[in-house]
Amino acid sequence: MYYIGVDLGGTGIKVGLLDEAYHIVQQASAPTLAERPAEEIVADMAKLCKEVIDRQGITAADVHSIGIGTPGIVSRKEGVILRSSNLPTFENVAVREIFKKYLDLEVYLENDANCAALGEARCGAAKGDDNVLVMTLGTGIGGGLLINGELYSGSFFAAGEIGHHVVNWHETEKCGCGRKGCWEQYASARALVGQAQEAARKSPNSQLMTLVQDGNLENMNAKVVFEAAEAGDKVAQDVLDNYFKAVARGITNLINIMQPTSVVIGGGMSAQGEKVSGPIRNYIQDEMYGSLKLQTQIKTAELGNEAGIIGAALLGLN
Ligand SMILES: [Zn+2]
């Protein structure tokens, strides 16, 4: 039996065919061209699904189900995308129903961050763990929750917005969500870049300035901060330490609420592996409730960009 996962994004549609061991054996992709009518985009998704089936030399009857991960808010039960800021023509679109016109297979829908969480929890870093928080440190902070082995999407399909719990009541700048002082404003990869730029301006002799491309702070990224710190630059090390503290404080809040078996850190930052999870783990231990020993495992994601496709493909089994 095979499984198909679709990663529907604002710029591209990626489709993967998984075998029984949940390995991707065929892939196909196409641009989303998101301004088009939703029906056309769904038709293209079905076309890509047929493509991977044909290429593998199997038929639709060999496929258990198709799962679609999409940005935005999804009614999983109804198979409807309610709305998505990255897919402007998808407002109350009955994707499951439209899809069936092109390919008669069971279709499941879920938010893309939740799909990535499911992928990591079933086949990646948190394999075998029951209660899992998977977070993405990227431009923002995304999250997906598994409770007792099941995806938890909340009563109204938008649970897991972990980046938007307020950690600083005195912040004056607004977060993208409209509140002020959200965790994301201090602990996202974008926040790290901002903190590094500020530190480099204050300490122009720092290696942050030497290592950034063309000496232009606009080119600052997380990799530069790690490189400077590794080269022994104290300014960069302080930036990283403060950043890890900010990440750790938010995770500790979430551990106190949820007490998961594991927390998986994903997104671009996870490429740094233990260099990221190690210090974060130590700072969380410092903040644990009543100085309890930290039992939750802090891990870095293993599936990278494939987590979304793999998780989507597993939706029919969840
Ligand atoms: Zn916010």
# chains A, B, ... in the order shown; residues from 1 in each chain; ligands from 1

$ residues_near_ligand --ligand "ligand 1" --cutoff "6 Å" --atoms "only C-alpha atoms and all ligand atoms" --output "list of chain:residue names"
A:His164, A:Cys175, A:Gly176, A:Cys177, A:Arg179, A:Cys182

$ write_last_selection --atoms "N, CA and C atoms" --output "PDB file, in the first residue's frame"
ATOM      1  N   HIS A 164       2.449  33.201  19.585  1.00  0.00           N
ATOM      2  CA  HIS A 164       1.683  34.388  19.973  1.00  0.00           C
ATOM      3  C   HIS A 164       1.172  34.314  21.399  1.00  0.00           C
ATOM      4  N   CYS A 175       3.164  43.005  17.189  1.00  0.00           N
ATOM      5  CA  CYS A 175       3.448  41.747  16.487  1.00  0.00           C
ATOM      6  C   CYS A 175       2.514  41.668  15.270  1.00  0.00           C
ATOM      7  N   GLY A 176       2.843  40.800  14.323  1.00  0.00           N
ATOM      8  CA  GLY A 176       1.997  40.603  13.138  1.00  0.00           C
ATOM      9  C   GLY A 176       0.560  40.229  13.489  1.00  0.00           C
ATOM     10  N   CYS A 177       0.359  39.630  14.652  1.00  0.00           N
ATOM     11  CA  CYS A 177      -0.981  39.175  15.040  1.00  0.00           C
ATOM     12  C   CYS A 177      -1.809  40.294  15.649  1.00  0.00           C
ATOM     13  N   ARG A 179      -1.085  41.801  18.652  1.00  0.00           N
ATOM     14  CA  ARG A 179      -0.788  41.983  20.075  1.00  0.00           C
ATOM     15  C   ARG A 179       0.606  42.601  20.211  1.00  0.00           C
ATOM     16  N   CYS A 182       4.605  39.470  21.888  1.00  0.00           N
ATOM     17  CA  CYS A 182       4.513  38.017  21.636  1.00  0.00           C
ATOM     18  C   CYS A 182       5.905  37.384  21.667  1.00  0.00           C
TER      19      CYS A 182
END

$ closest_atom_pairs --of "stretch 121-195 of chain A" --to "stretch 297-308 of chain A" --cutoff "12 Å" --atoms "only C-alpha atoms" --output "Markdown table"
| residue | atom | partner | partner_atom | distance |
| --- | --- | --- | --- | --- |
| A:Ala121 | CA | A:Ala307 | CA | 9.5 |
| A:Arg122 | CA | A:Ala307 | CA | 9.9 |
| A:Cys123 | CA | A:Leu303 | CA | 8.1 |
| A:Gly124 | CA | A:Glu302 | CA | 5.4 |
| A:Ala125 | CA | A:Glu302 | CA | 5.4 |
| A:Ala126 | CA | A:Lys299 | CA | 7.8 |
| A:Lys127 | CA | A:Glu302 | CA | 10.2 |
| A:Asp129 | CA | A:Gln297 | CA | 10.0 |
| A:Asn131 | CA | A:Gln297 | CA | 11.0 |
| A:Val132 | CA | A:Gln297 | CA | 9.7 |
| A:Leu133 | CA | A:Ile298 | CA | 9.8 |
| A:Val134 | CA | A:Ala301 | CA | 8.2 |
| A:Met135 | CA | A:Ala301 | CA | 9.0 |
| A:Thr136 | CA | A:Ala301 | CA | 9.0 |
| A:Leu137 | CA | A:Thr300 | CA | 10.8 |
| A:Gly144 | CA | A:Gly308 | CA | 11.4 |

$ write_last_selection --atoms "N, CA, C and O atoms" --output "short mmCIF file (atom, residue, chain, number, x, y, z; two decimals), in the first residue's frame"
data_model
loop_
_atom_site.label_atom_id
_atom_site.label_comp_id
_atom_site.auth_asym_id
_atom_site.auth_seq_id
_atom_site.Cartn_x
_atom_site.Cartn_y
_atom_site.Cartn_z
N ALA A 121 6.56 13.51 14.51
CA ALA A 121 6.14 12.66 15.64
C ALA A 121 6.05 11.19 15.23
O ALA A 121 6.27 10.30 16.04
N ARG A 122 5.71 10.91 13.98
CA ARG A 122 5.55 9.51 13.57
C ARG A 122 6.83 8.93 12.98
O ARG A 122 7.14 7.76 13.17
N CYS A 123 7.56 9.76 12.21
CA CYS A 123 8.69 9.21 11.45
C CYS A 123 10.01 9.93 11.72
O CYS A 123 11.04 9.54 11.17
N GLY A 124 9.99 10.99 12.49
CA GLY A 124 11.20 11.80 12.65
C GLY A 124 11.72 11.81 14.06
O GLY A 124 11.78 10.76 14.74
N ALA A 125 12.10 12.98 14.53
CA ALA A 125 12.80 13.13 15.81
C ALA A 125 12.00 12.61 17.00
O ALA A 125 12.59 12.16 17.98
N ALA A 126 10.66 12.70 16.92
CA ALA A 126 9.85 12.32 18.09
C ALA A 126 9.14 10.99 17.88
O ALA A 126 8.11 10.73 18.50
N LYS A 127 9.70 10.16 17.02
CA LYS A 127 9.09 8.87 16.70
C LYS A 127 8.80 8.09 17.98
O LYS A 127 9.69 7.89 18.80
N ASP A 129 6.89 9.01 20.47
CA ASP A 129 6.47 9.83 21.61
C ASP A 129 4.98 10.15 21.50
O ASP A 129 4.47 10.44 20.42
N ASN A 131 3.09 12.59 23.50
CA ASN A 131 2.74 14.00 23.64
C ASN A 131 3.92 14.82 23.12
O ASN A 131 5.00 14.80 23.70
N VAL A 132 3.67 15.51 22.03
CA VAL A 132 4.78 16.15 21.33
C VAL A 132 4.42 17.58 20.96
O VAL A 132 3.31 17.86 20.53
N LEU A 133 5.38 18.47 21.16
CA LEU A 133 5.24 19.82 20.65
C LEU A 133 6.32 20.01 19.59
O LEU A 133 7.50 19.82 19.87
N VAL A 134 5.90 20.29 18.36
CA VAL A 134 6.86 20.54 17.30
C VAL A 134 6.80 22.02 16.97
O VAL A 134 5.72 22.56 16.68
N MET A 135 7.92 22.70 17.07
CA MET A 135 7.92 24.14 16.80
C MET A 135 8.88 24.48 15.67
O MET A 135 9.90 23.82 15.48
N THR A 136 8.54 25.49 14.90
CA THR A 136 9.38 25.92 13.80
C THR A 136 9.92 27.30 14.11
O THR A 136 9.15 28.25 14.31
N LEU A 137 11.24 27.40 14.20
CA LEU A 137 11.86 28.71 14.39
C LEU A 137 12.23 29.24 13.01
O LEU A 137 13.24 28.86 12.44
N GLY A 144 2.90 22.81 16.22
CA GLY A 144 1.89 21.76 16.09
C GLY A 144 1.94 20.88 17.32
O GLY A 144 3.02 20.64 17.86
#

$ residues_around --residues "stretch 193-209 of chain A" --least-positions-apart "3" --cutoff "12 Å" --atoms "only C-alpha atoms" --output "PyMOL selection string"
chain A and resi 138-139+185-190+212-244+246+269

$ closest_residue --among "A:Asn282, A:Asn86, A:Thr59, A:Ser65" --to "A:Ile4" --atoms "only C-alpha atoms"
A:Ser65

$ residues_around --residues "stretch 103-116 of chain A" --least-positions-apart "2" --cutoff "7 Å" --atoms "only C-alpha atoms" --output "list in words"
Ala46, Ser65, Ile66, Gly67, Ile68, Gly69, Thr70, Pro71, Gly72, Ile73, Val74, Arg76, Gly79, Arg96, Phe99, Lys100, Lys101, Leu118, Gly119, Glu120, Gly142, Gly143, Gly144, Ala307, Gly308, Gly311, Ala312, Leu315 and Gly316 of chain A

$ select_by_dssp --residues "stretch 33-126 of chain A" --states "strand (DSSP E)" --output "JSON, numbers by chain"
{"A": [63, 64, 65, 66, 67, 68, 69, 70, 73, 74, 75, 80, 81, 82, 83, 107, 108, 109, 110, 111]}

$ residues_around --residues "A:Arg281" --least-positions-apart "3" --cutoff "9 Å" --atoms "only C-alpha atoms" --output "VMD selection string"
chain A and resid 248 276 to 278 284 to 286 294 297 to 298

$ closest_residue --among "A:Ala313, A:Gly178, A:Tyr289, A:Ile257" --to "A:His64" --atoms "only C-alpha atoms"
A:Ala313

$ decode --residues "stretch 99-246 of chain A" --atoms "C-alpha atoms" --output "mmCIF file, in the first residue's frame"
data_model
loop_
_atom_site.group_PDB
_atom_site.id
_atom_site.type_symbol
_atom_site.label_atom_id
_atom_site.label_comp_id
_atom_site.auth_asym_id
_atom_site.auth_seq_id
_atom_site.Cartn_x
_atom_site.Cartn_y
_atom_site.Cartn_z
ATOM 1 C CA PHE A 99 -10.554 16.704 -5.643
ATOM 2 C CA LYS A 100 -12.816 13.662 -5.994
ATOM 3 C CA LYS A 101 -13.908 14.861 -9.437
ATOM 4 C CA TYR A 102 -10.369 14.186 -10.644
ATOM 5 C CA LEU A 103 -9.199 11.258 -8.544
ATOM 6 C CA ASP A 104 -11.427 8.952 -6.546
ATOM 7 C CA LEU A 105 -9.420 8.439 -3.370
ATOM 8 C CA GLU A 106 -9.948 9.338 0.276
ATOM 9 C CA VAL A 107 -8.694 12.894 0.822
ATOM 10 C CA TYR A 108 -7.677 14.387 4.163
ATOM 11 C CA LEU A 109 -6.841 18.020 4.885
ATOM 12 C CA GLU A 110 -4.838 19.608 7.677
ATOM 13 C CA ASN A 111 -2.898 22.765 8.423
ATOM 14 C CA ASP A 112 0.699 22.513 7.144
ATOM 15 C CA ALA A 113 2.384 23.131 10.509
ATOM 16 C CA ASN A 114 0.268 20.329 11.959
ATOM 17 C CA CYS A 115 1.309 18.039 9.095
ATOM 18 C CA ALA A 116 4.977 18.752 9.791
ATOM 19 C CA ALA A 117 4.357 17.998 13.468
ATOM 20 C CA LEU A 118 2.694 14.706 12.604
ATOM 21 C CA GLY A 119 5.602 13.789 10.320
ATOM 22 C CA GLU A 120 8.219 14.436 13.001
ATOM 23 C CA ALA A 121 6.142 12.660 15.635
ATOM 24 C CA ARG A 122 5.546 9.512 13.572
ATOM 25 C CA CYS A 123 8.695 9.205 11.450
ATOM 26 C CA GLY A 124 11.196 11.796 12.647
ATOM 27 C CA ALA A 125 12.802 13.132 15.807
ATOM 28 C CA ALA A 126 9.855 12.323 18.091
ATOM 29 C CA LYS A 127 9.086 8.870 16.699
ATOM 30 C CA GLY A 128 7.203 6.879 19.299
ATOM 31 C CA ASP A 129 6.469 9.834 21.610
ATOM 32 C CA ASP A 130 2.815 10.355 22.636
ATOM 33 C CA ASN A 131 2.743 14.002 23.637
ATOM 34 C CA VAL A 132 4.783 16.152 21.335
ATOM 35 C CA LEU A 133 5.241 19.824 20.651
ATOM 36 C CA VAL A 134 6.864 20.542 17.296
ATOM 37 C CA MET A 135 7.921 24.142 16.797
ATOM 38 C CA THR A 136 9.380 25.923 13.798
ATOM 39 C CA LEU A 137 11.856 28.713 14.386
ATOM 40 C CA GLY A 138 11.652 30.666 11.155
ATOM 41 C CA THR A 139 10.444 34.107 10.167
ATOM 42 C CA GLY A 140 7.844 33.498 12.831
ATOM 43 C CA ILE A 141 7.324 30.687 15.311
ATOM 44 C CA GLY A 142 4.911 27.987 14.209
ATOM 45 C CA GLY A 143 3.745 25.039 16.216
ATOM 46 C CA GLY A 144 1.889 21.760 16.086
ATOM 47 C CA LEU A 145 0.716 19.655 18.997
ATOM 48 C CA LEU A 146 0.173 15.949 19.372
ATOM 49 C CA ILE A 147 -1.680 14.825 22.462
ATOM 50 C CA ASN A 148 -1.948 11.105 23.243
ATOM 51 C CA GLY A 149 -0.575 10.408 19.793
ATOM 52 C CA GLU A 150 -3.243 12.457 17.999
ATOM 53 C CA LEU A 151 -2.936 15.812 16.316
ATOM 54 C CA TYR A 152 -4.615 18.475 18.409
ATOM 55 C CA SER A 153 -6.031 21.272 16.261
ATOM 56 C CA GLY A 154 -8.400 22.792 18.809
ATOM 57 C CA SER A 155 -12.165 23.246 18.749
ATOM 58 C CA PHE A 156 -11.979 25.846 15.995
ATOM 59 C CA PHE A 157 -9.025 24.498 13.993
ATOM 60 C CA ALA A 158 -6.381 27.080 14.940
ATOM 61 C CA ALA A 159 -4.636 25.617 18.003
ATOM 62 C CA GLY A 160 -0.857 25.542 18.242
ATOM 63 C CA GLU A 161 -0.207 29.253 17.621
ATOM 64 C CA ILE A 162 2.547 29.076 20.186
ATOM 65 C CA GLY A 163 4.432 32.092 18.780
ATOM 66 C CA HIS A 164 1.683 34.388 19.973
ATOM 67 C CA HIS A 165 1.723 34.003 23.704
ATOM 68 C CA VAL A 166 2.816 37.284 25.269
ATOM 69 C CA VAL A 167 6.077 37.216 27.212
ATOM 70 C CA ASN A 168 6.579 40.976 27.634
ATOM 71 C CA TRP A 169 3.649 43.161 28.725
ATOM 72 C CA HIS A 170 5.778 46.306 28.281
ATOM 73 C CA GLU A 171 6.557 45.893 24.592
ATOM 74 C CA THR A 172 5.487 48.874 22.487
ATOM 75 C CA GLU A 173 5.967 47.333 19.038
ATOM 76 C CA LYS A 174 3.113 45.371 17.524
ATOM 77 C CA CYS A 175 3.448 41.747 16.487
ATOM 78 C CA GLY A 176 1.997 40.603 13.138
ATOM 79 C CA CYS A 177 -0.981 39.175 15.040
ATOM 80 C CA GLY A 178 -1.895 42.583 16.474
ATOM 81 C CA ARG A 179 -0.788 41.983 20.075
ATOM 82 C CA LYS A 180 2.355 43.420 21.657
ATOM 83 C CA GLY A 181 5.151 41.414 23.257
ATOM 84 C CA CYS A 182 4.513 38.017 21.636
ATOM 85 C CA TRP A 183 7.190 35.357 22.109
ATOM 86 C CA GLU A 184 7.767 35.391 18.346
ATOM 87 C CA GLN A 185 9.038 38.978 18.617
ATOM 88 C CA TYR A 186 12.012 37.724 20.693
ATOM 89 C CA ALA A 187 12.528 34.106 19.783
ATOM 90 C CA SER A 188 11.974 33.695 16.026
ATOM 91 C CA ALA A 189 14.918 33.432 13.626
ATOM 92 C CA ARG A 190 13.978 36.905 12.428
ATOM 93 C CA ALA A 191 14.257 38.180 15.999
ATOM 94 C CA LEU A 192 17.763 36.696 16.267
ATOM 95 C CA VAL A 193 18.796 38.532 13.102
ATOM 96 C CA GLY A 194 17.422 41.809 14.510
ATOM 97 C CA GLN A 195 19.266 41.288 17.795
ATOM 98 C CA ALA A 196 22.520 40.555 15.932
ATOM 99 C CA GLN A 197 22.154 43.667 13.780
ATOM 100 C CA GLU A 198 21.631 45.818 16.836
ATOM 101 C CA ALA A 199 24.637 44.302 18.620
ATOM 102 C CA ALA A 200 26.846 44.785 15.540
ATOM 103 C CA ARG A 201 25.847 48.441 15.300
ATOM 104 C CA LYS A 202 26.797 48.957 18.937
ATOM 105 C CA SER A 203 30.064 46.992 18.592
ATOM 106 C CA PRO A 204 31.366 47.602 15.063
ATOM 107 C CA ASN A 205 34.601 45.709 15.860
ATOM 108 C CA SER A 206 32.689 42.512 16.444
ATOM 109 C CA GLN A 207 33.150 39.606 14.023
ATOM 110 C CA LEU A 208 29.455 39.938 13.291
ATOM 111 C CA MET A 209 30.513 42.885 11.186
ATOM 112 C CA THR A 210 33.508 41.103 9.627
ATOM 113 C CA LEU A 211 31.634 37.939 8.698
ATOM 114 C CA VAL A 212 28.431 39.461 7.360
ATOM 115 C CA GLN A 213 28.440 39.559 3.560
ATOM 116 C CA ASP A 214 29.839 42.838 2.141
ATOM 117 C CA GLY A 215 29.939 44.254 5.674
ATOM 118 C CA ASN A 216 26.282 45.093 5.128
ATOM 119 C CA LEU A 217 24.070 44.412 8.143
ATOM 120 C CA GLU A 218 21.087 43.890 5.840
ATOM 121 C CA ASN A 219 22.757 40.564 4.943
ATOM 122 C CA MET A 220 22.789 39.344 8.543
ATOM 123 C CA ASN A 221 21.497 35.809 9.112
ATOM 124 C CA ALA A 222 21.552 33.172 11.839
ATOM 125 C CA LYS A 223 24.520 31.366 10.269
ATOM 126 C CA VAL A 224 26.714 34.477 10.600
ATOM 127 C CA VAL A 225 25.872 34.709 14.301
ATOM 128 C CA PHE A 226 26.833 31.058 14.870
ATOM 129 C CA GLU A 227 30.068 31.469 12.884
ATOM 130 C CA ALA A 228 31.084 34.588 14.782
ATOM 131 C CA ALA A 229 30.363 32.923 18.118
ATOM 132 C CA GLU A 230 32.387 29.863 17.105
ATOM 133 C CA ALA A 231 35.281 32.126 16.143
ATOM 134 C CA GLY A 232 35.266 33.272 19.775
ATOM 135 C CA ASP A 233 33.475 36.583 19.303
ATOM 136 C CA LYS A 234 32.014 37.603 22.664
ATOM 137 C CA VAL A 235 29.416 39.970 21.218
ATOM 138 C CA ALA A 236 28.003 37.200 19.009
ATOM 139 C CA GLN A 237 28.073 34.737 21.902
ATOM 140 C CA ASP A 238 26.100 37.176 24.079
ATOM 141 C CA VAL A 239 23.549 37.637 21.305
ATOM 142 C CA LEU A 240 23.133 33.870 21.038
ATOM 143 C CA ASP A 241 22.903 33.371 24.808
ATOM 144 C CA ASN A 242 20.200 36.004 25.149
ATOM 145 C CA TYR A 243 18.359 34.570 22.198
ATOM 146 C CA PHE A 244 18.494 31.021 23.591
ATOM 147 C CA LYS A 245 17.193 32.352 26.923
ATOM 148 C CA ALA A 246 14.229 33.911 25.112
#
